[in-house]
Amino acid sequence: MATASPERDVTVPGDPTKIDFRDPAAVIGLTARTLTEGDSGRRYVHIGYPVIEGAPSLNDKVHQEAERQLRSFTKDAPADGVFPKPELNVDWQLPAASGKAIGVRLRTGEFLGANWGNSTHTLWYDGITKEAFGSTGLLEGDLALGDLAGKVRQRLAARGPELDRREIRPDAEMFDSMAFNRAGDLVVEFDDCQVGACSLGRVAVAVPAGEAEPLLSAAGRRIQEAARTQAPEPMPASPSVTPTRSPEARSNQAGSVDCRQAKCVALTFDDGPGPYTDRLLDSLRDAGARATFFTVGSNAAAQPDLLRRMTGEGHLVGNHSWAHRDLSKLSTSKIADSLVRTQDEVTAAVGQMPTLVRPPYGAVSKDVATVARQLGVSLVNWDVDTMDWRDGDAKVVADRAVQGAHRGAIILMHDIQRTSVDAVPDILKRLHGKGYTFVTVPELYGNAGMQAGRLYRSGQEAARKQPLT
């Protein structure tokens, strides 16, 4: 199953179930949005999804699906006090993005106390009718869905007894993730545990274009044709090449402030870039303040221009993982993949390789520290939490930042939160009035620098020798 985890989709040469995805940065008017509960103390939630200019019906459909998943998870999540915390994580891809058709593939992972359960849900937009619909809207009604279910059963039967074709039912819930490969074949994806053991991994069936076409609606045929004609994306650079050719990330104003003399504080912003990041950058520029941005890789991929603006204006871009999963729940290979993908994306955008990682939810384990050390990056948490995700009052958020500030403080905020961005001008004014200078995180540590694999929470606190439990 292609999951919501920050794994690369495994591609087997000639595999007809392979789906080509569009580069979100090439889609004009696309912004990344996020639903989150922050660290609520009860559960972790991070839902990312795109908003595409000119496709309001699709945006509404995607947002409604995100809200539906959140409601379902909230209902099913265990009660307080469960550890590890329940987690809902959703990220996204674009199986099509043109004037003729747009597809949004949501990749969902749920952790409810034992293992991750993974699923996909693909929504479509017809550029001709301006209508949005679920995957079964690609088909010409219930009879076509029944015929498709029969074709899928036949193909599953040929794969052996580990896949149970008897589970295939002609209903919208089972056929909620369908797309076309570049040959026009209809690719049907199944969730974990739907048609076999949960450990099977990705299960998908490709129905050849000629067999699928008679089953398609008018919109489905247009989308099929769009898949056949869209050019494949260029292959990304090898992870082993990009980082070694790029310098380590450093503010272009580093060295201009001596924090042994100045009263320094580091504002940090997580989860973006988002719809309010441009306005935040305006506020920081107007105040002559610099900050550190811990970007989510999937958001960075969608809006690399904002990363370039951050770097150009003296800020520092750090790594906040690919899809904001709790890294401490993952294997070392998945931790590494999540961080390396984000390293590569940021490096490609700004020409500098991040040296800082903020683990999602601040969750750190020995495996996370080991991978960080191997990648040559330092781990950064915080000692002042504005809890901006919880409050809609910008003054309350500003008060927390100002009251918690001290020399060497690392202050946690989120540029996906409108309240947080609204609070920033007040924070800058009040802290400047108290004599503070705003710098990037590494500048708090001066000549001592920051060590790979170590966890940092404050400029007043030396890196812990044994930061992990």
# chains A, B, ... in the order shown; residues from 1 in each chain; ligands from 1

$ select_by_dssp --residues "range 233-337 of chain A" --states "helix (DSSP H, G or I)" --output "number ranges by chain"
A: 243-245, 277-287, 297-302, 304-312, 327-329, 332-337

$ residues_around --residues "Lys434 in chain A" --least-positions-apart "3" --cutoff "12 Å" --atoms "only C-alpha atoms" --output "list in words"
Ala262, Lys263, Cys264, Val265, Val402, Gln403, Ala405, His406, Arg407, Ile427, Leu428, Lys429, Arg430, Leu431, Thr437 and Phe438 of chain A

$ write_last_selection --atoms "all heavy atoms" --output "CSV table (one decimal), in the first residue's frame"
chain,number,residue,atom,x,y,z
A,262,ALA,N,25.0,40.5,23.1
A,262,ALA,CA,23.6,40.9,22.9
A,262,ALA,C,22.7,39.9,23.6
A,262,ALA,O,23.0,38.8,23.9
A,262,ALA,CB,23.3,40.9,21.4
A,263,LYS,N,21.5,40.4,23.8
A,263,LYS,CA,20.4,39.7,24.5
A,263,LYS,C,19.6,39.0,23.4
A,263,LYS,O,18.6,39.6,22.8
A,263,LYS,CB,19.5,40.6,25.3
A,263,LYS,CG,18.6,40.0,26.3
A,263,LYS,CD,17.9,41.1,27.0
A,263,LYS,CE,16.8,40.6,27.9
A,263,LYS,NZ,16.1,41.8,28.6
A,264,CYS,N,20.0,37.8,23.0
A,264,CYS,CA,19.5,37.1,21.8
A,264,CYS,C,18.3,36.2,22.2
A,264,CYS,O,18.3,35.5,23.2
A,264,CYS,CB,20.6,36.3,21.2
A,264,CYS,SG,21.9,37.3,20.4
A,265,VAL,N,17.4,36.1,21.2
A,265,VAL,CA,16.3,35.1,21.3
A,265,VAL,C,16.0,34.6,19.9
A,265,VAL,O,16.3,35.3,18.9
A,265,VAL,CB,15.0,35.8,21.9
A,265,VAL,CG1,14.5,36.9,20.9
A,265,VAL,CG2,13.9,34.8,22.2
A,402,VAL,N,6.2,36.7,25.1
A,402,VAL,CA,6.9,37.8,25.8
A,402,VAL,C,7.2,37.4,27.2
A,402,VAL,O,8.3,37.6,27.7
A,402,VAL,CB,6.1,39.1,25.7
A,402,VAL,CG1,6.7,40.2,26.6
A,402,VAL,CG2,5.9,39.6,24.3
A,403,GLN,N,6.2,36.8,27.9
A,403,GLN,CA,6.4,36.4,29.3
A,403,GLN,C,7.4,35.3,29.4
A,403,GLN,O,8.1,35.2,30.4
A,403,GLN,CB,5.0,36.0,29.9
A,403,GLN,CG,4.1,37.2,30.1
A,403,GLN,CD,2.7,36.8,30.3
A,403,GLN,OE1,2.4,35.6,30.6
A,403,GLN,NE2,1.7,37.8,30.3
A,405,ALA,N,9.9,34.7,27.3
A,405,ALA,CA,11.2,35.0,26.7
A,405,ALA,C,12.3,35.2,27.7
A,405,ALA,O,12.1,35.8,28.8
A,405,ALA,CB,11.1,36.2,25.8
A,406,HIS,N,13.5,34.8,27.4
A,406,HIS,CA,14.7,35.1,28.2
A,406,HIS,C,15.9,35.0,27.3
A,406,HIS,O,15.8,34.6,26.1
A,406,HIS,CB,14.8,34.0,29.4
A,406,HIS,CG,14.9,32.6,28.9
A,406,HIS,ND1,16.0,32.0,28.4
A,406,HIS,CD2,13.9,31.7,28.7
A,406,HIS,CE1,15.8,30.8,28.0
A,406,HIS,NE2,14.5,30.5,28.2
A,407,ARG,N,17.0,35.4,27.8
A,407,ARG,CA,18.2,35.4,27.0
A,407,ARG,C,18.5,33.9,26.5
A,407,ARG,O,18.5,33.0,27.4
A,407,ARG,CB,19.4,35.9,27.8
A,407,ARG,CG,20.6,36.1,27.0
A,407,ARG,CD,21.6,36.9,27.8
A,407,ARG,NE,22.8,37.3,26.9
A,407,ARG,CZ,23.6,38.3,27.3
A,407,ARG,NH1,23.4,39.0,28.4
A,407,ARG,NH2,24.6,38.7,26.5
A,427,ILE,N,4.7,40.8,19.2
A,427,ILE,CA,5.9,40.1,19.9
A,427,ILE,C,7.2,40.8,19.6
A,427,ILE,O,8.0,41.1,20.5
A,427,ILE,CB,5.9,38.6,19.4
A,427,ILE,CG1,4.8,37.9,20.0
A,427,ILE,CG2,7.3,38.0,19.9
A,427,ILE,CD1,4.6,36.5,19.4
A,428,LEU,N,7.4,41.1,18.3
A,428,LEU,CA,8.6,41.8,17.9
A,428,LEU,C,8.8,43.2,18.6
A,428,LEU,O,9.8,43.5,19.1
A,428,LEU,CB,8.6,42.0,16.4
A,428,LEU,CG,8.7,40.7,15.6
A,428,LEU,CD1,8.5,41.0,14.1
A,428,LEU,CD2,10.0,39.9,15.8
A,429,LYS,N,7.7,43.9,18.6
A,429,LYS,CA,7.7,45.3,19.2
A,429,LYS,C,8.0,45.2,20.7
A,429,LYS,O,8.9,45.9,21.2
A,429,LYS,CB,6.4,46.0,19.0
A,429,LYS,CG,6.3,47.4,19.6
A,429,LYS,CD,4.9,48.0,19.3
A,429,LYS,CE,4.8,49.4,19.9
A,429,LYS,NZ,3.5,50.0,19.6
A,430,ARG,N,7.3,44.3,21.4
A,430,ARG,CA,7.5,44.2,22.9
A,430,ARG,C,8.8,43.7,23.3
A,430,ARG,O,9.5,44.2,24.2
A,430,ARG,CB,6.3,43.4,23.5
A,430,ARG,CG,5.0,44.1,23.3
A,430,ARG,CD,3.8,43.2,23.6
A,430,ARG,NE,3.8,42.7,24.9
A,430,ARG,CZ,2.9,41.8,25.3
A,430,ARG,NH1,2.0,41.3,24.5
A,430,ARG,NH2,2.9,41.4,26.6
A,431,LEU,N,9.3,42.6,22.6
A,431,LEU,CA,10.6,42.1,22.9
A,431,LEU,C,11.7,43.0,22.5
A,431,LEU,O,12.8,43.1,23.2
A,431,LEU,CB,10.8,40.7,22.3
A,431,LEU,CG,9.9,39.6,22.9
A,431,LEU,CD1,10.2,38.2,22.2
A,431,LEU,CD2,10.2,39.5,24.4
A,437,THR,N,17.4,40.9,20.7
A,437,THR,CA,17.8,40.8,19.3
A,437,THR,C,17.4,39.5,18.8
A,437,THR,O,17.6,38.4,19.4
A,437,THR,CB,19.3,41.0,19.1
A,437,THR,OG1,19.7,42.2,19.6
A,437,THR,CG2,19.8,40.8,17.7
A,438,PHE,N,16.8,39.4,17.6
A,438,PHE,CA,16.2,38.2,17.0
A,438,PHE,C,17.2,37.5,16.0
A,438,PHE,O,17.6,38.1,15.0
A,438,PHE,CB,14.9,38.5,16.3
A,438,PHE,CG,13.9,39.2,17.2
A,438,PHE,CD1,13.8,40.5,17.3
A,438,PHE,CD2,13.1,38.4,18.0
A,438,PHE,CE1,12.9,41.1,18.1
A,438,PHE,CE2,12.2,39.0,18.9
A,438,PHE,CZ,12.1,40.4,18.9

$ residues_around --residues "Ala149 in chain A" --least-positions-apart "5" --cutoff "9 Å" --atoms "only C-alpha atoms" --output "mmCIF file with N, CA, C and O atoms, in the first residue's frame"
data_model
loop_
_atom_site.group_PDB
_atom_site.id
_atom_site.type_symbol
_atom_site.label_atom_id
_atom_site.label_comp_id
_atom_site.auth_asym_id
_atom_site.auth_seq_id
_atom_site.Cartn_x
_atom_site.Cartn_y
_atom_site.Cartn_z
ATOM 1 N N ALA A 144 -21.394 -0.224 -14.038
ATOM 2 C CA ALA A 144 -19.972 -0.169 -14.380
ATOM 3 C C ALA A 144 -19.110 -0.523 -13.169
ATOM 4 O O ALA A 144 -18.091 -1.223 -13.305
ATOM 5 N N GLN A 154 -10.956 -11.076 -10.848
ATOM 6 C CA GLN A 154 -10.234 -11.985 -11.728
ATOM 7 C C GLN A 154 -8.731 -11.788 -11.626
ATOM 8 O O GLN A 154 -7.969 -12.768 -11.572
ATOM 9 N N ILE A 168 -13.767 -8.353 -2.425
ATOM 10 C CA ILE A 168 -14.056 -7.257 -3.338
ATOM 11 C C ILE A 168 -15.560 -7.054 -3.464
ATOM 12 O O ILE A 168 -16.293 -7.945 -3.887
ATOM 13 N N ARG A 169 -16.009 -5.866 -3.093
ATOM 14 C CA ARG A 169 -17.426 -5.507 -3.172
ATOM 15 C C ARG A 169 -17.588 -4.261 -4.044
ATOM 16 O O ARG A 169 -16.766 -3.347 -3.962
ATOM 17 N N PRO A 170 -18.636 -4.198 -4.833
ATOM 18 C CA PRO A 170 -18.842 -3.027 -5.699
ATOM 19 C C PRO A 170 -19.451 -1.856 -4.934
ATOM 20 O O PRO A 170 -20.612 -1.491 -5.133
ATOM 21 N N ASP A 171 -18.646 -1.279 -4.019
ATOM 22 C CA ASP A 171 -19.146 -0.114 -3.297
ATOM 23 C C ASP A 171 -18.101 0.997 -3.305
ATOM 24 O O ASP A 171 -16.911 0.761 -3.513
ATOM 25 N N PHE A 175 -13.741 1.219 -3.514
ATOM 26 C CA PHE A 175 -13.142 1.762 -4.734
ATOM 27 C C PHE A 175 -12.981 3.284 -4.610
ATOM 28 O O PHE A 175 -13.365 4.033 -5.498
#

$ residues_around --residues "Leu267 in chain A" --least-positions-apart "2" --cutoff "8 Å" --atoms "only C-alpha atoms" --output "MDAnalysis selection string"
chainID A and resid 265 269 290:292 410:413 438:440

$ closest_atom_pairs --of "range 12-116 of chain A" --to "range 188-195 of chain A" --cutoff "12 Å" --atoms "only C-alpha atoms" --output "CSV"
residue,atom,partner,partner_atom,distance
A:Pro16,CA,A:Val188,CA,10.8
A:Thr17,CA,A:Val188,CA,8.0
A:Lys18,CA,A:Glu189,CA,10.5
A:Ile19,CA,A:Val188,CA,10.5
A:Arg105,CA,A:Glu189,CA,10.8
A:Leu106,CA,A:Asp191,CA,11.9
A:Arg107,CA,A:Asp191,CA,10.0
A:Thr108,CA,A:Asp191,CA,9.6
A:Gly109,CA,A:Asp192,CA,10.0
A:Glu110,CA,A:Asp192,CA,11.0
A:Asn115,CA,A:Asp192,CA,11.3
A:Trp116,CA,A:Asp192,CA,9.4

$ write_last_selection --atoms "N, CA and C atoms" --output "tab-separated table (two decimals), in the first residue's frame"
chain	number	residue	atom	x	y	z
A	16	PRO	N	2.43	-1.90	-14.07
A	16	PRO	CA	1.31	-1.10	-14.58
A	16	PRO	C	0.54	-0.37	-13.49
A	17	THR	N	0.76	-0.74	-12.22
A	17	THR	CA	0.05	-0.03	-11.15
A	17	THR	C	0.77	1.24	-10.72
A	18	LYS	N	1.91	1.54	-11.32
A	18	LYS	CA	2.63	2.77	-11.00
A	18	LYS	C	1.86	3.98	-11.50
A	19	ILE	N	1.72	4.97	-10.65
A	19	ILE	CA	1.03	6.21	-10.99
A	19	ILE	C	2.07	7.33	-11.04
A	105	ARG	N	-4.65	12.84	-4.35
A	105	ARG	CA	-4.55	11.54	-3.68
A	105	ARG	C	-4.11	11.76	-2.23
A	106	LEU	N	-5.02	11.55	-1.31
A	106	LEU	CA	-4.72	11.70	0.11
A	106	LEU	C	-4.19	10.38	0.65
A	107	ARG	N	-3.06	10.44	1.33
A	107	ARG	CA	-2.44	9.24	1.89
A	107	ARG	C	-2.54	9.33	3.42
A	108	THR	N	-3.26	8.42	3.99
A	108	THR	CA	-3.61	8.49	5.41
A	108	THR	C	-2.95	7.37	6.20
A	109	GLY	N	-2.39	7.75	7.34
A	109	GLY	CA	-1.89	6.78	8.30
A	109	GLY	C	-2.53	7.02	9.65
A	110	GLU	N	-2.98	5.94	10.28
A	110	GLU	CA	-3.54	6.02	11.63
A	110	GLU	C	-2.76	5.09	12.54
A	115	ASN	N	0.00	-0.76	15.57
A	115	ASN	CA	0.69	-0.56	14.31
A	115	ASN	C	-0.02	0.54	13.51
A	116	TRP	N	0.68	0.99	12.47
A	116	TRP	CA	0.08	1.94	11.56
A	116	TRP	C	-0.90	1.24	10.64

$ residues_around --residues "range 130-143 of chain A" --least-positions-apart "5" --cutoff "7 Å" --atoms "only C-alpha atoms" --output "PyMOL selection string"
chain A and resi 57-58+61+122-125+172+175-178+215-217+219-220

$ closest_residue --among "A:Val296, A:Ala401, A:Ala157, A:Ala349" --to "Ile416 in chain A" --atoms "only C-alpha atoms"
A:Val296

$ select_by_dssp --residues "range 141-344 of chain A" --states "strand (DSSP E)" --output "number ranges by chain"
A: 178-180, 186-190, 203-207, 263-270, 291-295, 316-319

$ write_last_selection --atoms "C-alpha atoms" --output "compact mmCIF listing (two decimals), in the first residue's frame"
# COMPACT_ATOMS: atom_id res chain seq x y z
CA MET A 178 -8.52 5.11 -8.46
CA ALA A 179 -6.31 6.85 -11.01
CA PHE A 180 -4.82 6.24 -14.46
CA LEU A 186 -7.26 2.24 -14.58
CA VAL A 187 -5.31 1.66 -11.36
CA VAL A 188 -7.39 0.56 -8.35
CA GLU A 189 -5.68 0.84 -4.94
CA PHE A 190 -6.79 -0.91 -1.77
CA VAL A 203 -2.03 -3.83 -3.13
CA ALA A 204 -3.22 -2.40 -6.44
CA VAL A 205 -4.70 -3.70 -9.68
CA ALA A 206 -4.36 -2.20 -13.16
CA VAL A 207 -7.28 -2.77 -15.52
CA LYS A 263 20.40 39.68 24.48
CA CYS A 264 19.47 37.10 21.83
CA VAL A 265 16.29 35.15 21.32
CA ALA A 266 15.34 32.73 18.53
CA LEU A 267 11.84 32.74 17.06
CA THR A 268 11.08 29.43 15.36
CA PHE A 269 8.16 28.60 13.08
CA ASP A 270 7.02 25.06 12.32
CA ALA A 291 13.91 33.56 12.46
CA THR A 292 14.32 29.84 11.89
CA PHE A 293 11.70 28.00 9.81
CA PHE A 294 11.27 24.26 10.28
CA THR A 295 9.49 23.27 7.09
CA LEU A 316 17.37 29.86 8.27
CA VAL A 317 15.44 26.90 6.85
CA GLY A 318 15.42 23.70 8.89
CA ASN A 319 13.94 20.22 8.46

$ residues_around --residues "Val371 in chain A" --least-positions-apart "5" --cutoff "12 Å" --atoms "only C-alpha atoms" --output "ChimeraX atom specification"
/A:327-328,330-340,357,359,364-366,376-379,452-454

$ write_last_selection --atoms "N, CA, C and O atoms" --output "mmCIF file, in the first residue's frame"
data_model
loop_
_atom_site.group_PDB
_atom_site.id
_atom_site.type_symbol
_atom_site.label_atom_id
_atom_site.label_comp_id
_atom_site.auth_asym_id
_atom_site.auth_seq_id
_atom_site.Cartn_x
_atom_site.Cartn_y
_atom_site.Cartn_z
ATOM 1 N N LEU A 327 8.367 10.699 14.486
ATOM 2 C CA LEU A 327 9.502 9.885 14.054
ATOM 3 C C LEU A 327 9.852 8.798 15.056
ATOM 4 O O LEU A 327 10.399 7.758 14.683
ATOM 5 N N SER A 328 9.533 9.020 16.318
ATOM 6 C CA SER A 328 9.908 8.047 17.340
ATOM 7 C C SER A 328 9.121 6.744 17.221
ATOM 8 O O SER A 328 9.469 5.747 17.840
ATOM 9 N N LEU A 330 8.734 5.285 14.234
ATOM 10 C CA LEU A 330 9.137 4.714 12.960
ATOM 11 C C LEU A 330 10.455 3.958 13.066
ATOM 12 O O LEU A 330 11.255 4.175 13.978
ATOM 13 N N SER A 331 10.698 3.088 12.100
ATOM 14 C CA SER A 331 11.975 2.390 12.001
ATOM 15 C C SER A 331 13.053 3.368 11.553
ATOM 16 O O SER A 331 12.763 4.454 11.033
ATOM 17 N N THR A 332 14.308 3.001 11.736
ATOM 18 C CA THR A 332 15.396 3.901 11.348
ATOM 19 C C THR A 332 15.374 4.185 9.848
ATOM 20 O O THR A 332 15.676 5.302 9.425
ATOM 21 N N SER A 333 14.995 3.196 9.040
ATOM 22 C CA SER A 333 14.968 3.427 7.590
ATOM 23 C C SER A 333 13.901 4.449 7.227
ATOM 24 O O SER A 333 14.107 5.303 6.346
ATOM 25 N N LYS A 334 12.748 4.398 7.894
ATOM 26 C CA LYS A 334 11.684 5.356 7.598
ATOM 27 C C LYS A 334 12.010 6.739 8.162
ATOM 28 O O LYS A 334 11.659 7.756 7.561
ATOM 29 N N ILE A 335 12.674 6.778 9.318
ATOM 30 C CA ILE A 335 13.135 8.070 9.849
ATOM 31 C C ILE A 335 14.084 8.721 8.851
ATOM 32 O O ILE A 335 13.944 9.898 8.494
ATOM 33 N N ALA A 336 15.038 7.937 8.372
ATOM 34 C CA ALA A 336 16.024 8.465 7.437
ATOM 35 C C ALA A 336 15.373 8.934 6.150
ATOM 36 O O ALA A 336 15.699 10.004 5.622
ATOM 37 N N ASP A 337 14.422 8.166 5.644
ATOM 38 C CA ASP A 337 13.769 8.552 4.393
ATOM 39 C C ASP A 337 13.005 9.851 4.549
ATOM 40 O O ASP A 337 13.058 10.731 3.681
ATOM 41 N N SER A 338 12.304 10.002 5.668
ATOM 42 C CA SER A 338 11.540 11.221 5.918
ATOM 43 C C SER A 338 12.453 12.442 5.971
ATOM 44 O O SER A 338 12.143 13.497 5.397
ATOM 45 N N LEU A 339 13.584 12.303 6.651
ATOM 46 C CA LEU A 339 14.499 13.433 6.794
ATOM 47 C C LEU A 339 15.272 13.700 5.505
ATOM 48 O O LEU A 339 15.433 14.862 5.102
ATOM 49 N N VAL A 340 15.727 12.647 4.837
ATOM 50 C CA VAL A 340 16.513 12.834 3.620
ATOM 51 C C VAL A 340 15.664 13.447 2.508
ATOM 52 O O VAL A 340 16.125 14.331 1.774
ATOM 53 N N VAL A 357 17.166 19.833 12.537
ATOM 54 C CA VAL A 357 15.918 19.083 12.439
ATOM 55 C C VAL A 357 15.099 19.354 13.691
ATOM 56 O O VAL A 357 15.617 19.242 14.812
ATOM 57 N N PRO A 359 12.137 17.525 15.375
ATOM 58 C CA PRO A 359 11.280 16.345 15.268
ATOM 59 C C PRO A 359 9.830 16.710 15.510
ATOM 60 O O PRO A 359 9.525 17.469 16.442
ATOM 61 N N VAL A 364 11.427 12.544 20.448
ATOM 62 C CA VAL A 364 12.774 12.083 20.130
ATOM 63 C C VAL A 364 12.995 10.708 20.751
ATOM 64 O O VAL A 364 12.508 10.413 21.838
ATOM 65 N N SER A 365 13.723 9.864 20.027
ATOM 66 C CA SER A 365 14.103 8.548 20.534
ATOM 67 C C SER A 365 15.583 8.330 20.225
ATOM 68 O O SER A 365 16.213 9.136 19.520
ATOM 69 N N LYS A 366 16.131 7.233 20.718
ATOM 70 C CA LYS A 366 17.523 6.927 20.400
ATOM 71 C C LYS A 366 17.716 6.730 18.905
ATOM 72 O O LYS A 366 18.738 7.134 18.338
ATOM 73 N N GLY A 376 24.304 14.122 9.990
ATOM 74 C CA GLY A 376 25.050 15.344 10.293
ATOM 75 C C GLY A 376 24.191 16.521 10.671
ATOM 76 O O GLY A 376 24.561 17.679 10.421
ATOM 77 N N VAL A 377 23.038 16.252 11.307
ATOM 78 C CA VAL A 377 22.129 17.341 11.686
ATOM 79 C C VAL A 377 21.904 17.335 13.193
ATOM 80 O O VAL A 377 21.959 16.289 13.850
ATOM 81 N N SER A 378 21.629 18.523 13.735
ATOM 82 C CA SER A 378 21.313 18.675 15.155
ATOM 83 C C SER A 378 19.807 18.687 15.342
ATOM 84 O O SER A 378 19.061 19.119 14.459
ATOM 85 N N LEU A 379 19.352 18.227 16.507
ATOM 86 C CA LEU A 379 17.934 18.219 16.850
ATOM 87 C C LEU A 379 17.615 19.444 17.700
ATOM 88 O O LEU A 379 18.355 19.757 18.644
ATOM 89 N N ALA A 452 26.016 17.303 15.723
ATOM 90 C CA ALA A 452 25.070 16.406 15.057
ATOM 91 C C ALA A 452 24.556 15.356 16.033
ATOM 92 O O ALA A 452 25.318 14.785 16.824
ATOM 93 N N GLY A 453 23.270 15.101 15.992
ATOM 94 C CA GLY A 453 22.659 14.078 16.839
ATOM 95 C C GLY A 453 22.309 14.535 18.232
ATOM 96 O O GLY A 453 21.626 13.803 18.957
ATOM 97 N N ARG A 454 22.731 15.738 18.633
ATOM 98 C CA ARG A 454 22.430 16.249 19.966
ATOM 99 C C ARG A 454 21.109 17.020 19.957
ATOM 100 O O ARG A 454 20.711 17.584 18.944
#

$ closest_residue --among "A:Val441, A:Lys151, A:Asp388, A:Ala423" --to "Glu37 in chain A" --atoms "only C-alpha atoms"
A:Asp388

$ atom_distance --atom1 "CA of Ala409 in chain A" --atom2 "CA of Asp426 in chain A"
17.4 Å

$ atom_distance --atom1 "CA of Met387 in chain A" --atom2 "CA of Asp415 in chain A"
12.4 Å

$ atom_distance --atom1 "CA of Asp76 in chain A" --atom2 "CA of Tyr44 in chain A"
13.2 Å

$ decode --residues "range 101-115 of chain A" --atoms "N, CA, C and O atoms" --output "short mmCIF file (atom, residue, chain, number, x, y, z; two decimals), in the first residue's frame"
data_model
loop_
_atom_site.label_atom_id
_atom_site.label_comp_id
_atom_site.auth_asym_id
_atom_site.auth_seq_id
_atom_site.Cartn_x
_atom_site.Cartn_y
_atom_site.Cartn_z
N ALA A 101 -7.90 18.19 -16.04
CA ALA A 101 -8.18 17.31 -14.90
C ALA A 101 -7.20 17.57 -13.77
O ALA A 101 -6.02 17.83 -14.01
N ILE A 102 -7.71 17.48 -12.55
CA ILE A 102 -6.87 17.55 -11.35
C ILE A 102 -7.26 16.38 -10.46
O ILE A 102 -8.46 16.12 -10.24
N GLY A 103 -6.28 15.69 -9.96
CA GLY A 103 -6.51 14.62 -9.00
C GLY A 103 -5.75 14.89 -7.72
O GLY A 103 -4.60 15.33 -7.76
N VAL A 104 -6.36 14.64 -6.59
CA VAL A 104 -5.71 14.78 -5.28
C VAL A 104 -5.78 13.43 -4.58
O VAL A 104 -6.86 12.94 -4.28
N ARG A 105 -4.65 12.84 -4.35
CA ARG A 105 -4.55 11.54 -3.68
C ARG A 105 -4.11 11.76 -2.23
O ARG A 105 -2.99 12.18 -1.97
N LEU A 106 -5.02 11.55 -1.31
CA LEU A 106 -4.72 11.70 0.11
C LEU A 106 -4.19 10.38 0.65
O LEU A 106 -4.81 9.33 0.46
N ARG A 107 -3.06 10.44 1.33
CA ARG A 107 -2.44 9.24 1.89
C ARG A 107 -2.54 9.33 3.42
O ARG A 107 -1.96 10.23 4.04
N THR A 108 -3.26 8.42 3.99
CA THR A 108 -3.61 8.49 5.41
C THR A 108 -2.95 7.37 6.20
O THR A 108 -2.95 6.21 5.79
N GLY A 109 -2.39 7.75 7.34
CA GLY A 109 -1.89 6.78 8.30
C GLY A 109 -2.53 7.02 9.65
O GLY A 109 -2.65 8.17 10.09
N GLU A 110 -2.98 5.94 10.28
CA GLU A 110 -3.54 6.02 11.63
C GLU A 110 -2.76 5.09 12.54
O GLU A 110 -2.53 3.93 12.20
N PHE A 111 -2.39 5.62 13.70
CA PHE A 111 -1.74 4.81 14.73
C PHE A 111 -2.63 4.85 15.95
O PHE A 111 -2.87 5.91 16.54
N LEU A 112 -3.15 3.68 16.32
CA LEU A 112 -4.10 3.62 17.43
C LEU A 112 -3.59 2.75 18.57
O LEU A 112 -4.37 2.23 19.36
N GLY A 113 -2.26 2.58 18.64
CA GLY A 113 -1.70 1.90 19.79
C GLY A 113 -0.87 0.68 19.51
O GLY A 113 -0.14 0.21 20.37
N ALA A 114 -0.95 0.14 18.30
CA ALA A 114 -0.17 -1.05 17.97
C ALA A 114 0.66 -0.80 16.72
O ALA A 114 1.88 -0.63 16.78
N ASN A 115 0.00 -0.76 15.57
CA ASN A 115 0.69 -0.56 14.31
C ASN A 115 -0.02 0.54 13.51
O ASN A 115 -1.14 0.92 13.80
#
